[in-house]
Amino acid sequence: MTTAASPWALPLPLPLPALRRAAPVLPVVALIALIGLPPMSYGVTPADAASGLVVLWAAVHTARQARRPLTRTAAVVLGLPVIGFAVAATVTPSAGEGLMGLARSVQVFVLVPVAVLLLVRDRRDLRLVAWAVIGLAVWQGSVGVRQYLTGTGASYDGEFVRAVGTFGPTEVMGMATVVASGIVAATGLALEARARRQRVLATVCALALLVPLLLSFSRGAWIATAVACGAQLLLAGVRRAVKVFAAAVAAGVVLVGGFGVGTSMLQERLDSITQVAAAPDQSVLDRYALWSAALGMWRDQPVTGVGLKAFPEYRDGHAPLALESAADTDGAGHDFYRQPFFSPHNMYLTVLSEQGLVGVVTVAGSWLALLVCGLRRLLRTRAGRHDRDCALICCGLLLWQLVDFTYADIGGGSATLVALDFGLAAWWALGGGAAPATTAASEKGPR
């Protein structure tokens, strides 16, 4: 006679058969584990190098399976940005910069997403990847909270309290991107995972990760997380969304009002969100100036833009006098450094200024197609389906990236995570989630 396993039982290490079954997707999990490690040389991070191996592994695995790698729709949607990148590379003033920009752009927005789409075979693989993202977020968030508590973080308002994880002060959005992705993934699991222990653990992780997200002092990440998680809640059910929103407000009152977690600094940073027009700080003024410069470049070269990675060369000729040439960075184990502005800190304006209308149609059009296809498939998925949590995770991560692109662009160690998020979104939006369903018993197993 067998006894039913308790839903509260702790996950056990995966047995050998389960490891063998998960072998194709394990390179993706290993890639996630490398995000946040310091660069090796010439600014190349271990995650950048490993992403090339993951692409190679995906190609070899697909060839061994002797199956058609992509549907026609997936090939068009994911391959469309290559046109914009290639055209912009041809007009870049420096051929070397153009080739580097082309390679980097294709890596982040085409090759790695395609590799993820090919290696994530079903919803069990996707949940494994989601938990890996949550684990990375917990690690980076823990480092960030420790930086805040010990005063060893990046410089903010004269104090070394800004949580940046292992990314350092020159990439202040790195930890915020990782932690926010973990929150979005955990929210999807907490709302729709079938196993109760997964829902409980995911809820705990999502709530705990709110602390390092707040301590990152990243307004763009806050806004993008609120939009993505709010959309996930609404898609999971309006009644549940109201309950969760009420609980979140109560928790915020207790956390900030009762325990005083970063009260003055957080309040000042929150207030600055509503003061971007009335009384903007220098960082907002610099961002407005960079946006103005990007629009000026586009007006000069409306069709093809000024070329990949050419923004710094044309920046000073189009920027207003209010723009400072660089931002001060300090702390988190690094010496004082003036970080130059190499982009407009807005991915859409980066595409518009460097790739022109061709880039907007091909690159941004590909992103829009992913979002439309993903949301349409999610809305058609009936309640109670085993893959609803996967749908919320994939659509939530894509929506987070698209909102965050209003305040940031790709760069540094977190670019690999951006590529991963696009790959997961493509898995759901372009039919990867239509893989043969696992049994109900396996759905309840430890993943």
# chains A, B, ... in the order shown; residues from 1 in each chain; ligands from 1

$ residues_around --residues "Leu235 (chain A)" --least-positions-apart "2" --cutoff "10 Å" --atoms "only C-alpha atoms" --output "list in words"
Leu191, Cys229, Gly230, Ala231, Gln232, Leu233, Gly237, Val238, Arg240, Ala241, Leu375, Leu378, Leu379, Arg388, Ala391 and Leu392 of chain A

$ residues_around --residues "Thr152 (chain A)" --least-positions-apart "3" --cutoff "10 Å" --atoms "only C-alpha atoms" --output "PyMOL selection string"
chain A and resi 144-149+155+159-164+331-333

$ residues_around --residues "region 416-433 of chain A" --least-positions-apart "4" --cutoff "9 Å" --atoms "only C-alpha atoms" --output "ChimeraX atom specification"
/A:28,31-32,35,47-48,51,71,73-74,77-78,107-118,120-123,126,133,177-178,181,367,369-378,387,390-391,393-398,401,410-412

$ closest_residue --among "A:Val249, A:Leu99, A:Val60, A:Ala208" --to "Ala86 (chain A)" --atoms "only C-alpha atoms"
A:Leu99

$ residues_around --residues "Ile183 (chain A)" --least-positions-apart "6" --cutoff "12 Å" --atoms "only C-alpha atoms" --output "VMD selection string"
chain A and resid 130 to 131 133 to 138 141 176 to 177 189 to 190 202 to 213 221 to 222 224 to 226 228 to 230 232 393 396 to 397 400

$ write_last_selection --atoms "C-alpha atoms" --output "mmCIF file, in the first residue's frame"
data_model
loop_
_atom_site.group_PDB
_atom_site.id
_atom_site.type_symbol
_atom_site.label_atom_id
_atom_site.label_comp_id
_atom_site.auth_asym_id
_atom_site.auth_seq_id
_atom_site.Cartn_x
_atom_site.Cartn_y
_atom_site.Cartn_z
ATOM 1 C CA ALA A 130 11.375 30.024 -14.126
ATOM 2 C CA TRP A 131 12.565 28.653 -10.792
ATOM 3 C CA VAL A 133 15.341 32.851 -12.607
ATOM 4 C CA ILE A 134 13.745 33.127 -9.162
ATOM 5 C CA GLY A 135 16.820 31.541 -7.579
ATOM 6 C CA LEU A 136 19.091 34.029 -9.353
ATOM 7 C CA ALA A 137 16.855 36.884 -8.169
ATOM 8 C CA VAL A 138 16.994 35.656 -4.561
ATOM 9 C CA GLY A 141 18.535 40.388 -3.949
ATOM 10 C CA ALA A 176 16.828 45.505 -10.514
ATOM 11 C CA THR A 177 16.273 43.672 -13.817
ATOM 12 C CA LEU A 189 3.575 30.549 -10.386
ATOM 13 C CA ALA A 190 1.849 31.897 -7.276
ATOM 14 C CA ALA A 202 6.436 31.348 -5.110
ATOM 15 C CA THR A 203 4.315 33.772 -3.063
ATOM 16 C CA VAL A 204 6.978 33.952 -0.350
ATOM 17 C CA CYS A 205 9.695 34.576 -2.938
ATOM 18 C CA ALA A 206 7.709 37.296 -4.720
ATOM 19 C CA LEU A 207 7.037 39.164 -1.475
ATOM 20 C CA ALA A 208 10.619 38.808 -0.242
ATOM 21 C CA LEU A 209 12.037 40.091 -3.531
ATOM 22 C CA LEU A 210 10.054 43.317 -3.213
ATOM 23 C CA VAL A 211 12.559 44.482 -0.585
ATOM 24 C CA PRO A 212 15.684 44.440 -2.804
ATOM 25 C CA LEU A 213 13.640 45.849 -5.679
ATOM 26 C CA ALA A 221 12.011 48.906 -12.630
ATOM 27 C CA TRP A 222 9.346 49.805 -10.051
ATOM 28 C CA ALA A 224 7.573 48.084 -15.056
ATOM 29 C CA THR A 225 7.098 45.566 -12.225
ATOM 30 C CA ALA A 226 3.862 47.191 -11.107
ATOM 31 C CA ALA A 228 3.573 43.524 -15.394
ATOM 32 C CA CYS A 229 2.366 42.057 -12.095
ATOM 33 C CA GLY A 230 -0.842 44.069 -12.263
ATOM 34 C CA GLN A 232 -0.806 39.134 -14.495
ATOM 35 C CA ILE A 393 5.120 33.943 -16.664
ATOM 36 C CA GLY A 396 4.542 38.952 -17.781
ATOM 37 C CA LEU A 397 8.272 38.836 -18.533
ATOM 38 C CA TRP A 400 8.017 43.901 -18.114
#

$ atom_distance --atom1 "CA of Leu53 (chain A)" --atom2 "CA of Ser105 (chain A)"
16.9 Å

$ residues_around --residues "Ile83 (chain A)" --least-positions-apart "2" --cutoff "12 Å" --atoms "only C-alpha atoms" --output "list in words"
Val76, Val77, Leu78, Gly79, Leu80, Pro81, Phe85, Ala86, Val87, Ala88, Ala89, Thr90, Leu102, Ser105, Val106, Val110, Thr304, Gln355, Leu357, Val358, Gly359, Val360, Val361, Thr362, Val363, Ala364, Gly365 and Ser366 of chain A

$ atom_distance --atom1 "CA of Ala408 (chain A)" --atom2 "CA of Ser216 (chain A)"
14.4 Å

$ atom_distance --atom1 "CA of Gly413 (chain A)" --atom2 "CA of Gly96 (chain A)"
21.7 Å

$ closest_residue --among "A:Gly296, A:Gly220, A:Pro38, A:Gly317" --to "Leu349 (chain A)" --atoms "only C-alpha atoms"
A:Gly296

$ select_by_dssp --residues "region 297-406 of chain A" --states "strand (DSSP E)" --output "PyMOL selection string"
chain A and resi 326-331+334-340

$ write_last_selection --atoms "N, CA and C atoms" --output "JSON list (two decimals), in the first residue's frame"
[["chain", "number", "residue", "atom", "x", "y", "z"],
["A", 326, "ALA", "N", 28.50, 62.92, -18.35],
["A", 326, "ALA", "CA", 28.60, 61.60, -17.73],
["A", 326, "ALA", "C", 27.93, 61.65, -16.37],
["A", 327, "ALA", "N", 27.74, 60.47, -15.79],
["A", 327, "ALA", "CA", 27.14, 60.35, -14.46],
["A", 327, "ALA", "C", 28.18, 59.84, -13.48],
["A", 328, "ASP", "N", 28.10, 60.31, -12.24],
["A", 328, "ASP", "CA", 29.05, 59.88, -11.20],
["A", 328, "ASP", "C", 28.65, 58.51, -10.68],
["A", 329, "THR", "N", 29.61, 57.59, -10.62],
["A", 329, "THR", "CA", 29.37, 56.27, -10.03],
["A", 329, "THR", "C", 30.45, 56.00, -9.01],
["A", 330, "ASP", "N", 30.05, 55.35, -7.92],
["A", 330, "ASP", "CA", 31.00, 55.08, -6.83],
["A", 330, "ASP", "C", 30.41, 54.00, -5.94],
["A", 331, "GLY", "N", 31.27, 53.33, -5.20],
["A", 331, "GLY", "CA", 30.82, 52.35, -4.21],
["A", 331, "GLY", "C", 30.69, 50.95, -4.76],
["A", 334, "HIS", "N", 33.87, 49.47, -6.05],
["A", 334, "HIS", "CA", 34.51, 50.14, -7.17],
["A", 334, "HIS", "C", 34.91, 51.56, -6.77],
["A", 335, "ASP", "N", 35.95, 52.07, -7.40],
["A", 335, "ASP", "CA", 36.38, 53.45, -7.16],
["A", 335, "ASP", "C", 35.47, 54.42, -7.91],
["A", 336, "PHE", "N", 35.62, 55.69, -7.58],
["A", 336, "PHE", "CA", 34.82, 56.73, -8.24],
["A", 336, "PHE", "C", 35.12, 56.73, -9.74],
["A", 337, "TYR", "N", 34.04, 56.84, -10.52],
["A", 337, "TYR", "CA", 34.19, 56.78, -11.97],
["A", 337, "TYR", "C", 33.07, 57.60, -12.61],
["A", 338, "ARG", "N", 33.45, 58.33, -13.67],
["A", 338, "ARG", "CA", 32.47, 59.10, -14.44],
["A", 338, "ARG", "C", 32.00, 58.22, -15.59],
["A", 339, "GLN", "N", 30.73, 57.78, -15.54],
["A", 339, "GLN", "CA", 30.18, 56.87, -16.54],
["A", 339, "GLN", "C", 29.61, 57.67, -17.70],
["A", 340, "PRO", "N", 30.22, 57.59, -18.88],
["A", 340, "PRO", "CA", 29.70, 58.36, -20.03],
["A", 340, "PRO", "C", 28.33, 57.84, -20.47]]

$ residues_around --residues "Pro24 (chain A)" --least-positions-apart "6" --cutoff "10 Å" --atoms "only C-alpha atoms" --output "number ranges by chain"
A: 54, 57-58, 61-62, 118-121, 125

$ write_last_selection --atoms "all heavy atoms" --output "compact mmCIF listing (two decimals), in the first residue's frame"
# COMPACT_ATOMS: atom_id res chain seq x y z
N VAL A 54 25.26 27.96 -25.66
CA VAL A 54 23.86 27.54 -25.61
C VAL A 54 23.27 27.54 -27.02
O VAL A 54 22.52 26.63 -27.40
CB VAL A 54 23.06 28.47 -24.67
CG1 VAL A 54 21.56 28.20 -24.80
CG2 VAL A 54 23.50 28.27 -23.23
N TRP A 57 24.62 24.50 -28.73
CA TRP A 57 23.97 23.31 -28.21
C TRP A 57 22.56 23.16 -28.80
O TRP A 57 22.13 22.05 -29.14
CB TRP A 57 23.91 23.37 -26.69
CG TRP A 57 23.05 22.32 -26.06
CD1 TRP A 57 21.82 22.49 -25.50
CD2 TRP A 57 23.34 20.91 -25.93
NE1 TRP A 57 21.33 21.31 -25.02
CE2 TRP A 57 22.24 20.31 -25.27
CE3 TRP A 57 24.41 20.11 -26.31
CZ2 TRP A 57 22.18 18.95 -24.98
CZ3 TRP A 57 24.36 18.76 -26.02
CH2 TRP A 57 23.25 18.19 -25.37
N ALA A 58 21.84 24.28 -28.91
CA ALA A 58 20.49 24.23 -29.48
C ALA A 58 20.53 23.76 -30.93
O ALA A 58 19.69 22.97 -31.36
CB ALA A 58 19.83 25.60 -29.37
N HIS A 61 21.42 19.97 -30.90
CA HIS A 61 20.30 19.18 -30.38
C HIS A 61 19.17 19.10 -31.41
O HIS A 61 18.58 18.04 -31.62
CB HIS A 61 19.79 19.80 -29.08
CG HIS A 61 18.60 19.12 -28.51
ND1 HIS A 61 18.63 17.86 -27.94
CD2 HIS A 61 17.29 19.51 -28.43
CE1 HIS A 61 17.44 17.51 -27.54
NE2 HIS A 61 16.60 18.49 -27.82
N THR A 62 18.89 20.22 -32.06
CA THR A 62 17.82 20.23 -33.06
C THR A 62 18.19 19.37 -34.26
O THR A 62 17.35 18.65 -34.80
CB THR A 62 17.55 21.68 -33.51
OG1 THR A 62 17.21 22.47 -32.37
CG2 THR A 62 16.39 21.72 -34.49
N LEU A 118 13.95 26.63 -28.75
CA LEU A 118 14.20 25.26 -29.18
C LEU A 118 14.47 24.31 -28.02
O LEU A 118 14.11 23.13 -28.07
CB LEU A 118 15.39 25.23 -30.15
CG LEU A 118 15.21 25.96 -31.48
CD1 LEU A 118 16.50 25.93 -32.28
CD2 LEU A 118 14.06 25.35 -32.28
N LEU A 119 15.12 24.81 -26.96
CA LEU A 119 15.53 23.94 -25.86
C LEU A 119 14.45 23.74 -24.81
O LEU A 119 14.44 22.72 -24.12
CB LEU A 119 16.81 24.50 -25.21
CG LEU A 119 18.06 24.50 -26.10
CD1 LEU A 119 19.22 25.15 -25.38
CD2 LEU A 119 18.41 23.09 -26.54
N VAL A 120 13.57 24.72 -24.64
CA VAL A 120 12.45 24.56 -23.71
C VAL A 120 11.35 23.80 -24.44
O VAL A 120 10.66 24.34 -25.29
CB VAL A 120 11.95 25.94 -23.22
CG1 VAL A 120 10.73 25.76 -22.31
CG2 VAL A 120 13.05 26.67 -22.48
N ARG A 121 11.18 22.52 -24.09
CA ARG A 121 10.29 21.66 -24.88
C ARG A 121 8.86 21.66 -24.38
O ARG A 121 7.92 21.51 -25.16
CB ARG A 121 10.83 20.22 -24.86
CG ARG A 121 12.21 20.08 -25.51
CD ARG A 121 12.91 18.84 -25.01
NE ARG A 121 13.09 18.91 -23.56
CZ ARG A 121 13.42 17.88 -22.80
NH1 ARG A 121 13.57 16.69 -23.35
NH2 ARG A 121 13.59 18.04 -21.50
N ASP A 125 9.81 22.03 -18.48
CA ASP A 125 11.07 22.72 -18.74
C ASP A 125 10.95 24.21 -18.42
O ASP A 125 11.86 24.82 -17.84
CB ASP A 125 11.48 22.55 -20.20
CG ASP A 125 12.09 21.19 -20.48
OD1 ASP A 125 12.29 20.42 -19.52
OD2 ASP A 125 12.36 20.89 -21.66

$ select_by_dssp --residues "region 47-192 of chain A" --states "alpha helix (DSSP H)" --output "VMD selection string"
chain A and resid 47 to 65 72 to 90 95 to 106 112 to 119 123 to 150 173 to 192

$ closest_residue --among "A:Thr92, A:Gln140, A:Thr170, A:Ser353" --to "Gly182 (chain A)" --atoms "only C-alpha atoms"
A:Gln140
